[in-house]
$ cat input_36.cif   # mmCIF, C-alpha atoms
data_structure
loop_
_atom_site.label_atom_id
_atom_site.label_comp_id
_atom_site.auth_asym_id
_atom_site.auth_seq_id
_atom_site.Cartn_x
_atom_site.Cartn_y
_atom_site.Cartn_z
CA GLN A 1 17.41 -1.83 62.69
CA SER A 2 13.85 -2.01 61.52
CA HIS A 3 13.13 -3.55 58.13
CA SER A 4 9.54 -2.35 57.76
CA ASN A 5 8.33 0.83 56.09
CA ARG A 6 6.25 3.56 57.70
CA TYR A 7 3.03 1.76 56.84
CA GLY A 8 4.02 -1.38 58.71
CA TYR A 9 4.64 -3.55 55.64
CA GLU A 10 7.71 -5.75 55.40
CA LEU A 11 10.26 -4.47 52.90
CA PRO A 12 11.76 -6.77 50.25
CA ASP A 13 14.91 -8.70 51.15
CA SER A 14 16.98 -6.51 48.85
CA TYR A 15 16.41 -3.56 51.23
CA LYS A 16 16.99 -5.35 54.56
CA ASP A 17 20.80 -5.37 54.61
CA VAL A 18 21.34 -1.87 53.21
CA ASP A 19 22.18 1.09 55.42
CA LEU A 20 22.44 4.14 53.24
CA PHE A 21 23.50 6.33 56.16
CA GLU A 22 26.68 4.34 56.91
CA GLU A 23 27.75 3.78 53.27
CA ASP A 24 30.33 6.13 51.83
CA GLU A 25 28.85 8.24 49.04
CA ASP A 26 31.99 8.09 46.87
CA ASP A 27 32.19 4.29 47.16
CA TYR A 28 28.54 4.05 46.20
CA ASP A 29 29.02 6.20 43.10
CA ASN A 30 32.11 4.28 42.00
CA GLU A 31 30.33 0.99 42.47
CA CYS A 32 27.41 2.20 40.34
CA ASP A 33 29.78 3.41 37.63
CA ASP A 34 31.57 0.04 37.54
CA GLU A 35 28.28 -1.78 37.29
CA PHE A 36 27.16 0.51 34.46
CA ASP A 37 30.40 -0.07 32.56
CA ASP A 38 30.02 -3.84 32.92
CA ASN A 39 26.49 -3.64 31.54
CA VAL A 40 27.60 -1.56 28.59
CA ILE A 41 30.41 -4.01 27.76
CA SER A 42 28.16 -7.05 28.02
CA MET A 43 25.39 -5.40 25.94
CA THR A 44 27.88 -4.37 23.26
CA SER A 45 29.38 -7.82 23.18
CA MET A 46 25.98 -9.47 22.95
CA THR A 47 24.91 -7.14 20.12
CA ASP A 48 28.05 -7.78 18.09
CA ASP A 49 27.93 -11.55 18.55
CA ASN A 50 24.25 -12.03 17.88
CA GLU A 51 23.52 -9.37 15.25
CA GLU A 52 23.63 -11.85 12.37
CA ILE A 53 21.60 -14.41 14.32
CA ILE A 54 18.90 -11.84 15.09
CA GLU A 55 18.68 -10.71 11.45
CA GLU A 56 18.49 -14.31 10.26
CA GLY A 57 15.73 -15.03 12.76
CA LEU A 58 13.73 -12.01 11.61
CA GLU A 59 14.02 -13.08 7.99
CA LYS A 60 12.84 -16.61 8.83
CA ALA A 61 9.91 -15.24 10.79
CA LYS A 62 9.00 -12.95 7.91
CA ASP A 63 9.12 -15.82 5.41
CA SER A 64 7.03 -18.08 7.65
CA ARG A 65 4.19 -15.58 7.97
CA GLN A 66 1.20 -16.26 5.75
CA LYS A 67 -0.28 -13.35 3.81
CA VAL A 68 -3.97 -12.95 4.63
CA VAL A 69 -6.28 -10.17 3.54
CA LEU A 70 -7.79 -8.77 6.75
CA ALA A 71 -9.93 -5.91 5.50
CA ASP A 72 -10.64 -3.67 2.54
CA LEU A 73 -11.10 -0.13 3.84
CA ASP A 74 -12.87 1.25 0.78
CA LYS A 75 -15.23 3.71 2.51
CA PRO A 76 -14.52 6.92 4.48
CA GLY A 77 -14.37 6.26 8.20
CA SER A 78 -14.09 2.48 7.87
CA TRP A 79 -11.83 0.72 10.36
CA TYR A 80 -10.65 -2.73 11.43
CA VAL A 81 -8.94 -3.99 14.61
CA VAL A 82 -5.74 -5.81 13.64
CA ALA A 83 -4.30 -6.31 17.15
CA HIS A 84 -5.58 -5.93 20.70
CA GLY A 85 -3.64 -4.06 23.35
CA GLY A 86 -2.62 -5.56 26.66
CA ARG A 87 -3.99 -4.92 30.14
CA PRO A 88 -3.31 -1.30 31.12
CA GLY A 89 -1.03 -0.61 34.05
CA ARG A 90 -2.20 1.12 37.24
CA GLY A 91 -0.42 4.25 38.35
CA ASN A 92 -0.31 6.27 41.55
CA CYS A 93 -3.67 7.88 40.82
CA ASP A 94 -5.46 4.56 41.34
CA PHE A 95 -3.84 3.87 44.70
CA ALA A 96 -4.22 7.47 45.88
CA LYS A 97 -7.98 6.98 46.12
CA ILE A 98 -7.66 4.09 48.58
CA HIS A 99 -8.63 5.00 52.15
CA GLY A 100 -6.42 3.74 54.91
CA ALA A 101 -3.06 2.06 54.50
CA PRO A 102 -1.90 1.65 50.88
CA PRO A 103 -1.16 -1.78 49.44
CA ASP A 104 2.24 -3.41 49.63
CA PRO A 105 4.84 -1.70 47.35
CA MET A 106 5.58 -4.93 45.53
CA PHE A 107 1.89 -5.34 44.83
CA GLN A 108 1.76 -1.80 43.45
CA LEU A 109 4.78 -2.49 41.28
CA GLU A 110 3.21 -5.65 39.88
CA ARG A 111 -0.06 -3.92 39.11
CA ALA A 112 1.70 -0.96 37.52
CA ARG A 113 3.21 -3.15 34.82
CA PRO A 114 0.97 -3.25 31.73
CA GLY A 115 0.17 -6.54 30.07
CA GLU A 116 1.61 -7.47 26.71
CA GLY A 117 -0.50 -6.76 23.67
CA GLU A 118 -0.81 -8.63 20.40
CA THR A 119 1.73 -8.21 17.59
CA ALA A 120 0.71 -7.94 13.95
CA TYR A 121 2.87 -7.58 10.85
CA LEU A 122 0.90 -5.50 8.36
CA GLU A 123 1.32 -4.62 4.71
CA LEU A 124 -0.81 -1.62 3.76
CA GLU A 125 -1.75 -1.46 0.09
CA LEU A 126 -2.93 1.81 -1.42
CA LYS A 127 -5.32 1.74 -4.36
CA LEU A 128 -5.82 4.86 -6.44
CA ILE A 129 -9.40 6.03 -6.77
CA ALA A 130 -10.17 7.17 -10.32
CA ASP A 131 -13.15 7.32 -12.66
CA ILE A 132 -11.52 5.58 -15.61
CA GLY A 133 -8.31 3.59 -16.01
CA LEU A 134 -6.05 3.33 -19.07
CA VAL A 135 -4.96 -0.17 -20.02
CA GLY A 136 -2.63 -1.01 -22.88
CA PHE A 137 0.72 -2.34 -24.02
CA PRO A 138 3.93 -0.33 -23.57
CA ASN A 139 4.29 2.47 -26.13
CA ALA A 140 0.61 2.33 -27.07
CA GLY A 141 0.16 6.00 -26.21
CA LYS A 142 -1.43 5.96 -22.75
CA SER A 143 0.85 8.67 -21.39
CA SER A 144 0.36 10.78 -24.52
CA LEU A 145 -3.40 10.51 -24.11
CA LEU A 146 -3.21 11.45 -20.43
CA ALA A 147 -1.02 14.48 -21.23
CA ALA A 148 -3.26 15.58 -24.11
CA MET A 149 -6.52 15.46 -22.12
CA SER A 150 -5.35 16.60 -18.66
CA ARG A 151 -2.72 18.73 -16.98
CA ALA A 152 -0.67 15.70 -15.99
CA THR A 153 2.96 15.68 -17.14
CA PRO A 154 3.95 12.02 -17.59
CA GLU A 155 7.23 11.07 -19.16
CA ILE A 156 6.77 10.57 -22.91
CA ALA A 157 9.44 9.00 -25.13
CA PRO A 158 9.58 6.96 -28.37
CA TYR A 159 10.39 3.75 -26.52
CA PRO A 160 8.39 1.39 -24.26
CA PHE A 161 8.22 1.28 -20.45
CA THR A 162 8.45 5.03 -19.88
CA THR A 163 5.70 4.74 -17.25
CA LEU A 164 7.11 2.87 -14.25
CA HIS A 165 4.56 3.94 -11.63
CA PRO A 166 0.81 4.67 -11.72
CA LEU A 167 -0.13 8.21 -12.70
CA LEU A 168 -3.28 10.20 -12.08
CA GLY A 169 -4.69 13.01 -14.23
CA VAL A 170 -7.91 15.02 -14.25
CA ILE A 171 -9.97 15.86 -17.34
CA GLU A 172 -11.68 19.22 -16.75
CA TYR A 173 -14.80 20.24 -18.69
CA ARG A 174 -16.09 23.73 -19.28
CA ASP A 175 -19.08 23.32 -16.97
CA GLY A 176 -16.82 22.34 -14.06
CA LYS A 177 -17.22 18.58 -14.37
CA LYS A 178 -14.04 16.62 -13.64
CA VAL A 179 -13.08 13.06 -14.53
CA ARG A 180 -10.09 11.41 -12.89
CA VAL A 181 -7.98 9.18 -15.14
CA ALA A 182 -5.47 6.57 -13.89
CA ASP A 183 -2.58 5.41 -16.07
CA VAL A 184 -0.80 2.19 -15.05
CA PRO A 185 2.45 0.80 -16.51
CA GLY A 186 2.02 -1.11 -19.75
CA LEU A 187 1.02 -4.76 -19.71
CA VAL A 188 2.84 -7.48 -21.61
CA ALA A 189 1.93 -11.02 -22.57
CA GLY A 190 2.41 -13.31 -19.58
CA ALA A 191 1.92 -10.55 -17.03
CA SER A 192 -0.31 -12.83 -14.96
CA GLU A 193 2.73 -15.09 -14.57
CA GLY A 194 4.95 -12.28 -13.31
CA ARG A 195 6.33 -10.75 -16.51
CA GLY A 196 6.61 -6.98 -16.75
CA ARG A 197 5.46 -4.39 -14.22
CA GLY A 198 1.93 -3.49 -15.23
CA HIS A 199 0.29 -6.51 -13.63
CA ASP A 200 1.61 -5.44 -10.22
CA PHE A 201 -0.26 -2.13 -10.49
CA LEU A 202 -3.64 -3.35 -11.77
CA ARG A 203 -4.93 -3.01 -8.21
CA HIS A 204 -5.04 0.74 -8.87
CA ILE A 205 -7.84 0.32 -11.42
CA GLU A 206 -9.97 -2.03 -9.32
CA ARG A 207 -11.73 1.02 -7.87
CA ASN A 208 -12.32 2.61 -11.28
CA LYS A 209 -15.78 3.03 -12.71
CA ALA A 210 -14.72 2.15 -16.26
CA LEU A 211 -11.70 1.07 -18.31
CA LEU A 212 -10.22 2.40 -21.53
CA TYR A 213 -8.37 -0.13 -23.68
CA ILE A 214 -5.86 1.56 -25.96
CA VAL A 215 -3.96 -0.17 -28.79
CA ASP A 216 -1.41 0.99 -31.34
CA SER A 217 -3.28 0.98 -34.66
CA ALA A 218 -0.10 1.45 -36.71
CA GLY A 219 1.81 -1.39 -35.03
CA CYS A 220 4.94 0.77 -34.68
CA ASP A 221 6.77 -1.90 -32.70
CA GLY A 222 5.76 -4.66 -35.09
CA ARG A 223 2.71 -5.56 -33.02
CA ASP A 224 -0.76 -6.58 -34.16
CA PRO A 225 -3.45 -4.37 -32.56
CA LEU A 226 -6.05 -7.14 -32.80
CA GLU A 227 -3.80 -9.61 -31.01
CA ASP A 228 -2.89 -6.96 -28.43
CA LEU A 229 -6.54 -6.43 -27.51
CA LYS A 230 -7.01 -10.19 -27.06
CA ILE A 231 -3.99 -10.40 -24.77
CA LEU A 232 -5.14 -7.42 -22.72
CA ALA A 233 -8.51 -9.05 -22.13
CA GLN A 234 -6.84 -12.33 -21.13
CA GLU A 235 -4.51 -10.64 -18.65
CA LEU A 236 -7.29 -8.70 -16.97
CA ALA A 237 -9.44 -11.82 -16.76
CA SER A 238 -6.63 -13.69 -14.95
CA TYR A 239 -5.88 -10.95 -12.41
CA ASP A 240 -6.48 -12.02 -8.79
CA ASP A 241 -9.98 -13.43 -9.25
CA SER A 242 -11.21 -9.89 -9.87
CA ASP A 243 -13.97 -8.90 -12.25
CA LEU A 244 -12.06 -6.30 -14.26
CA LEU A 245 -13.20 -7.69 -17.59
CA SER A 246 -16.85 -7.03 -16.79
CA MET A 247 -16.32 -3.35 -16.03
CA PRO A 248 -17.80 -0.80 -18.49
CA ALA A 249 -15.14 -0.12 -21.10
CA LEU A 250 -14.08 1.88 -24.12
CA VAL A 251 -11.81 0.58 -26.88
CA VAL A 252 -9.56 3.15 -28.57
CA ALA A 253 -7.14 2.81 -31.49
CA ASN A 254 -4.33 5.35 -31.18
CA LYS A 255 -1.92 6.68 -33.86
CA VAL A 256 -4.53 6.60 -36.64
CA ASP A 257 -2.63 9.44 -38.31
CA LEU A 258 -0.12 6.82 -39.45
CA ILE A 259 -2.64 4.70 -41.41
CA SER A 260 -5.03 5.44 -44.27
CA ASN A 261 -8.75 6.09 -43.84
CA ASP A 262 -9.66 2.72 -45.38
CA GLN A 263 -7.29 0.90 -43.05
CA GLN A 264 -8.73 2.82 -40.11
CA ARG A 265 -12.35 1.89 -40.88
CA GLU A 266 -11.45 -1.79 -41.34
CA LEU A 267 -9.37 -1.86 -38.16
CA LEU A 268 -12.07 -0.27 -36.01
CA MET A 269 -14.62 -2.83 -37.20
CA ASP A 270 -12.25 -5.72 -36.50
CA LEU A 271 -11.43 -4.37 -33.03
CA GLY A 272 -15.13 -4.22 -32.24
CA LYS A 273 -15.53 -7.89 -33.14
CA VAL A 274 -12.48 -8.89 -31.08
CA ALA A 275 -13.76 -6.94 -28.06
CA GLU A 276 -17.11 -8.69 -28.25
CA GLU A 277 -15.52 -12.13 -28.56
CA ALA A 278 -13.13 -11.43 -25.67
CA GLY A 279 -15.97 -10.43 -23.35
CA ILE A 280 -15.05 -6.76 -23.05
CA ARG A 281 -18.11 -4.84 -21.90
CA SER A 282 -18.08 -2.03 -24.44
CA ASN A 283 -21.37 -0.29 -25.20
CA SER A 284 -19.93 2.14 -27.74
CA GLU A 285 -18.12 1.87 -31.04
CA VAL A 286 -14.34 1.61 -31.21
CA MET A 287 -12.87 5.08 -31.62
CA GLY A 288 -9.78 6.16 -33.55
CA ILE A 289 -7.58 8.94 -32.15
CA SER A 290 -4.20 10.57 -32.53
CA ALA A 291 -3.16 11.55 -29.01
CA GLY A 292 0.40 12.67 -29.58
CA VAL A 293 0.35 14.35 -33.02
CA SER A 294 -2.83 15.77 -34.57
CA GLY A 295 -5.27 15.41 -31.67
CA GLU A 296 -7.79 13.73 -33.97
CA GLY A 297 -10.78 12.24 -32.16
CA LEU A 298 -9.90 13.62 -28.69
CA THR A 299 -12.96 15.89 -28.45
CA ALA A 300 -15.34 13.03 -29.23
CA LEU A 301 -13.42 10.75 -26.87
CA SER A 302 -13.68 13.22 -23.97
CA CYS A 303 -17.47 13.37 -24.44
CA THR A 304 -17.70 9.58 -24.54
CA ILE A 305 -15.58 9.27 -21.38
CA ARG A 306 -17.86 11.69 -19.57
CA ASN A 307 -20.99 9.82 -20.64
CA ILE A 308 -19.74 6.40 -19.56
CA VAL A 309 -18.59 7.75 -16.19
CA GLN A 310 -21.93 9.42 -15.55
CA LYS A 311 -23.81 6.22 -16.41
CA THR A 312 -21.78 4.20 -13.92
CA SER A 313 -21.99 6.80 -11.10
#
$ encode --input "input_36.cif" --output "structure tokens"
Amino acid sequence: QSHSNRYGYELPDSYKDVDLFEEDEDDYDNECDDEFDDNVISMTSMTDDNEEIIEEGLEKAKDSRQKVVLADLDKPGSWYVVAHGGRPGRGNCDFAKIHGAPPDPMFQLERARPGEGETAYLELELKLIADIGLVGFPNAGKSSLLAAMSRATPEIAPYPFTTLHPLLGVIEYRDGKKVRVADVPGLVAGASEGRGRGHDFLRHIERNKALLYIVDSAGCDGRDPLEDLKILAQELASYDDSDLLSMPALVVANKVDLISNDQQRELLMDLGKVAEEAGIRSNSEVMGISAGVSGEGLTALSCTIRNIVQKTS
């Protein structure tokens, strides 16, 4: 019995002692079925016994990985290679072009196997692109302002932390101009140390052209609007080595319908002084509005928002 193929190459040892013509077909099928059943049992057993070990190993590997910023894809069409693929395998098409006797089957099998590529564990972070971002404490009226000036429908309630995720609205002007506004969850004191939720979403205003600081002029929750503006400036200054505090900004006092005209004038002047001392880059006067009740000051605010966005474009 010859052990070479029709091209004259020696076959592997696994083929030398096999005579398919003399083997009973039923015995061959039964033998294959038994081997398949054994593999299934061993695979099932291995999975059950090692499932916890595998999960524990994955968790340890995840914890041991160091978080590194690879790229910031902030422009259309930008790209970055995070992992290289392995050597491609060679199929029958490559060997079909060879003149004469083809290579050894084992050589073809080895070349057909592709090489292993690199493995990368990636965390993709989306940043909203807006023209102006709203920054303020919970219950300061950011959602009310967004709903009053755009077609956005944020959740509005007389208690803090109604905004749990970033929202995006569009202010539309009569001449067709549009300004996109981003609302992030309210900040609290100590947000840079992990308190609250707003600090986790400040990345969504890093791409904004300007910021709008909004404070509660009436102090409905027993807060001091002057102290709130100081804390907001401190939290933005301590966020991830970014330069949020130097962005063009507007300072707005909401809920002025709950205070007298004299109190409003005094408060707006004091807020202007605090903003200057805190390093907030505001080139306009502090404005007083009533976003959720009377709508006072919203027309003037919309014009100011448009002007500051156009200057920074």
$ atom_distance --input "input_36.cif" --atom1 "CA of Val256 in chain A" --atom2 "CA of Leu167 in chain A"
24.4 Å
$ closest_residue --input "input_36.cif" --among "A:Gln234, A:Ser282, A:Gln264, A:Ser290" --to "Leu211 in chain A" --atoms "only C-alpha atoms"
A:Ser282
$ atom_distance --input "input_36.cif" --atom1 "CA of Lys178 in chain A" --atom2 "CA of Pro138 in chain A"
26.6 Å
$ resolve_selection --input "input_36.cif" --expression "the PyMOL selection byres ((chain A and resi 305) around 10)" --output "PyMOL selection string"
chain A and resi 131-132+171+179+181+210-212+249-250+300-304+306-310
$ atom_distance --input "input_36.cif" --atom1 "CA of Thr299 in chain A" --atom2 "CA of Glu172 in chain A"
12.2 Å
$ resolve_selection --input "input_36.cif" --expression "the PyMOL selection byres ((chain A and resi 229) around 9)" --output "list in words"
Gly136, Tyr213, Ile214, Val215, Asp224, Pro225, Leu226, Glu227, Asp228, Lys230, Ile231, Leu232, Ala233, Gln234, Val251, Leu271, Val274, Ala275 and Ala278 of chain A
$ write_last_selection --input "input_36.cif" --atoms "C-alpha atoms" --output "PDB file, in the coordinates of the input"
ATOM      1  CA  GLY A 136      -2.630  -1.010 -22.880  1.00  0.00           C
ATOM      2  CA  TYR A 213      -8.370  -0.130 -23.680  1.00  0.00           C
ATOM      3  CA  ILE A 214      -5.860   1.560 -25.960  1.00  0.00           C
ATOM      4  CA  VAL A 215      -3.960  -0.170 -28.790  1.00  0.00           C
ATOM      5  CA  ASP A 224      -0.760  -6.580 -34.160  1.00  0.00           C
ATOM      6  CA  PRO A 225      -3.450  -4.370 -32.560  1.00  0.00           C
ATOM      7  CA  LEU A 226      -6.050  -7.140 -32.800  1.00  0.00           C
ATOM      8  CA  GLU A 227      -3.800  -9.610 -31.010  1.00  0.00           C
ATOM      9  CA  ASP A 228      -2.890  -6.960 -28.430  1.00  0.00           C
ATOM     10  CA  LYS A 230      -7.010 -10.190 -27.060  1.00  0.00           C
ATOM     11  CA  ILE A 231      -3.990 -10.400 -24.770  1.00  0.00           C
ATOM     12  CA  LEU A 232      -5.140  -7.420 -22.720  1.00  0.00           C
ATOM     13  CA  ALA A 233      -8.510  -9.050 -22.130  1.00  0.00           C
ATOM     14  CA  GLN A 234      -6.840 -12.330 -21.130  1.00  0.00           C
ATOM     15  CA  VAL A 251     -11.810   0.580 -26.880  1.00  0.00           C
ATOM     16  CA  LEU A 271     -11.430  -4.370 -33.030  1.00  0.00           C
ATOM     17  CA  VAL A 274     -12.480  -8.890 -31.080  1.00  0.00           C
ATOM     18  CA  ALA A 275     -13.760  -6.940 -28.060  1.00  0.00           C
ATOM     19  CA  ALA A 278     -13.130 -11.430 -25.670  1.00  0.00           C
TER      20      ALA A 278
END
$ residues_around --input "input_36.cif" --residues "Glu206 in chain A" --least-positions-apart "3" --cutoff "9 Å" --atoms "all atoms listed in the file" --output "list in words"
Lys127, Leu128, Ile129, Gly133, Leu202, Arg203, Lys209, Ser242, Asp243 and Leu244 of chain A
$ resolve_selection --input "input_36.cif" --expression "the PyMOL selection byres ((chain A and resi 70) around 10)" --output "mmCIF file with C-alpha atoms, in the frame of the given file"
data_model
loop_
_atom_site.group_PDB
_atom_site.id
_atom_site.type_symbol
_atom_site.label_atom_id
_atom_site.label_comp_id
_atom_site.auth_asym_id
_atom_site.auth_seq_id
_atom_site.Cartn_x
_atom_site.Cartn_y
_atom_site.Cartn_z
ATOM 1 C CA LYS A 67 -0.280 -13.350 3.810
ATOM 2 C CA VAL A 68 -3.970 -12.950 4.630
ATOM 3 C CA VAL A 69 -6.280 -10.170 3.540
ATOM 4 C CA ALA A 71 -9.930 -5.910 5.500
ATOM 5 C CA ASP A 72 -10.640 -3.670 2.540
ATOM 6 C CA LEU A 73 -11.100 -0.130 3.840
ATOM 7 C CA TYR A 80 -10.650 -2.730 11.430
ATOM 8 C CA VAL A 81 -8.940 -3.990 14.610
ATOM 9 C CA VAL A 82 -5.740 -5.810 13.640
ATOM 10 C CA LEU A 122 0.900 -5.500 8.360
#
$ residues_around --input "input_36.cif" --residues "Thr119 in chain A" --least-positions-apart "3" --cutoff "9 Å" --atoms "only C-alpha atoms" --output "list of chain:residue names"
A:Val82, A:Ala83, A:His84, A:Gly85
$ write_last_selection --input "input_36.cif" --atoms "C-alpha atoms" --output "PDB file, in the frame of the given file"
ATOM      1  CA  VAL A  82      -5.740  -5.810  13.640  1.00  0.00           C
ATOM      2  CA  ALA A  83      -4.300  -6.310  17.150  1.00  0.00           C
ATOM      3  CA  HIS A  84      -5.580  -5.930  20.700  1.00  0.00           C
ATOM      4  CA  GLY A  85      -3.640  -4.060  23.350  1.00  0.00           C
TER       5      GLY A  85
END
$ closest_residue --input "input_36.cif" --among "A:Asp221, A:Lys75, A:Lys142, A:Ala130" --to "Arg180 in chain A" --atoms "all atoms listed in the file"
A:Ala130
$ closest_residue --input "input_36.cif" --among "A:Gln108, A:Ser246, A:Asn261, A:Thr312" --to "Gly89 in chain A" --atoms "all atoms listed in the file"
A:Gln108
$ axis_aligned_box --input "input_36.cif" --around "range 211-225 of chain A" --padding-each-side "5 Å" --output "lines of an AutoDock Vina configuration file"
center_x = -2.5
center_y = -2.1
center_z = -27.5
size_x = 28.5
size_y = 19.0
size_z = 28.4
$ build_atoms --input "input_36.cif" --residues "range 117-130 of chain A" --atoms "N, CA, C and O atoms" --output "compact mmCIF listing (two decimals), keeping the file's coordinate frame"
# COMPACT_ATOMS: atom_id res chain seq x y z
N GLY A 117 0.53 -6.75 24.70
CA GLY A 117 -0.50 -6.76 23.67
C GLY A 117 -0.15 -7.69 22.53
O GLY A 117 0.90 -8.33 22.52
N GLU A 118 -1.03 -7.77 21.56
CA GLU A 118 -0.81 -8.63 20.40
C GLU A 118 0.10 -7.93 19.39
O GLU A 118 0.16 -6.71 19.32
N THR A 119 0.81 -8.73 18.62
CA THR A 119 1.73 -8.21 17.59
C THR A 119 1.22 -8.61 16.21
O THR A 119 0.84 -9.77 16.01
N ALA A 120 1.18 -7.67 15.31
CA ALA A 120 0.71 -7.94 13.95
C ALA A 120 1.68 -7.31 12.95
O ALA A 120 2.13 -6.18 13.13
N TYR A 121 2.03 -8.07 11.93
CA TYR A 121 2.87 -7.58 10.85
C TYR A 121 1.96 -7.25 9.67
O TYR A 121 1.33 -8.13 9.10
N LEU A 122 1.89 -5.97 9.32
CA LEU A 122 0.90 -5.50 8.36
C LEU A 122 1.56 -4.98 7.09
O LEU A 122 2.65 -4.40 7.14
N GLU A 123 0.91 -5.20 5.99
CA GLU A 123 1.32 -4.62 4.71
C GLU A 123 0.13 -3.81 4.19
O GLU A 123 -0.90 -4.37 3.80
N LEU A 124 0.26 -2.50 4.20
CA LEU A 124 -0.81 -1.62 3.76
C LEU A 124 -0.68 -1.37 2.26
O LEU A 124 0.40 -1.01 1.77
N GLU A 125 -1.75 -1.58 1.55
CA GLU A 125 -1.75 -1.46 0.09
C GLU A 125 -2.70 -0.34 -0.33
O GLU A 125 -3.89 -0.40 -0.06
N LEU A 126 -2.14 0.67 -0.98
CA LEU A 126 -2.93 1.81 -1.42
C LEU A 126 -3.44 1.58 -2.83
O LEU A 126 -2.70 1.14 -3.71
N LYS A 127 -4.72 1.86 -3.04
CA LYS A 127 -5.32 1.74 -4.36
C LYS A 127 -5.85 3.11 -4.78
O LYS A 127 -6.63 3.73 -4.07
N LEU A 128 -5.37 3.57 -5.94
CA LEU A 128 -5.82 4.86 -6.44
C LEU A 128 -7.31 4.82 -6.77
O LEU A 128 -7.82 3.83 -7.28
N ILE A 129 -7.99 5.91 -6.47
CA ILE A 129 -9.40 6.03 -6.77
C ILE A 129 -9.54 6.94 -7.99
O ILE A 129 -9.20 8.12 -7.94
N ALA A 130 -10.00 6.40 -9.09
CA ALA A 130 -10.17 7.17 -10.32
C ALA A 130 -11.49 6.77 -10.98
O ALA A 130 -12.10 5.76 -10.64
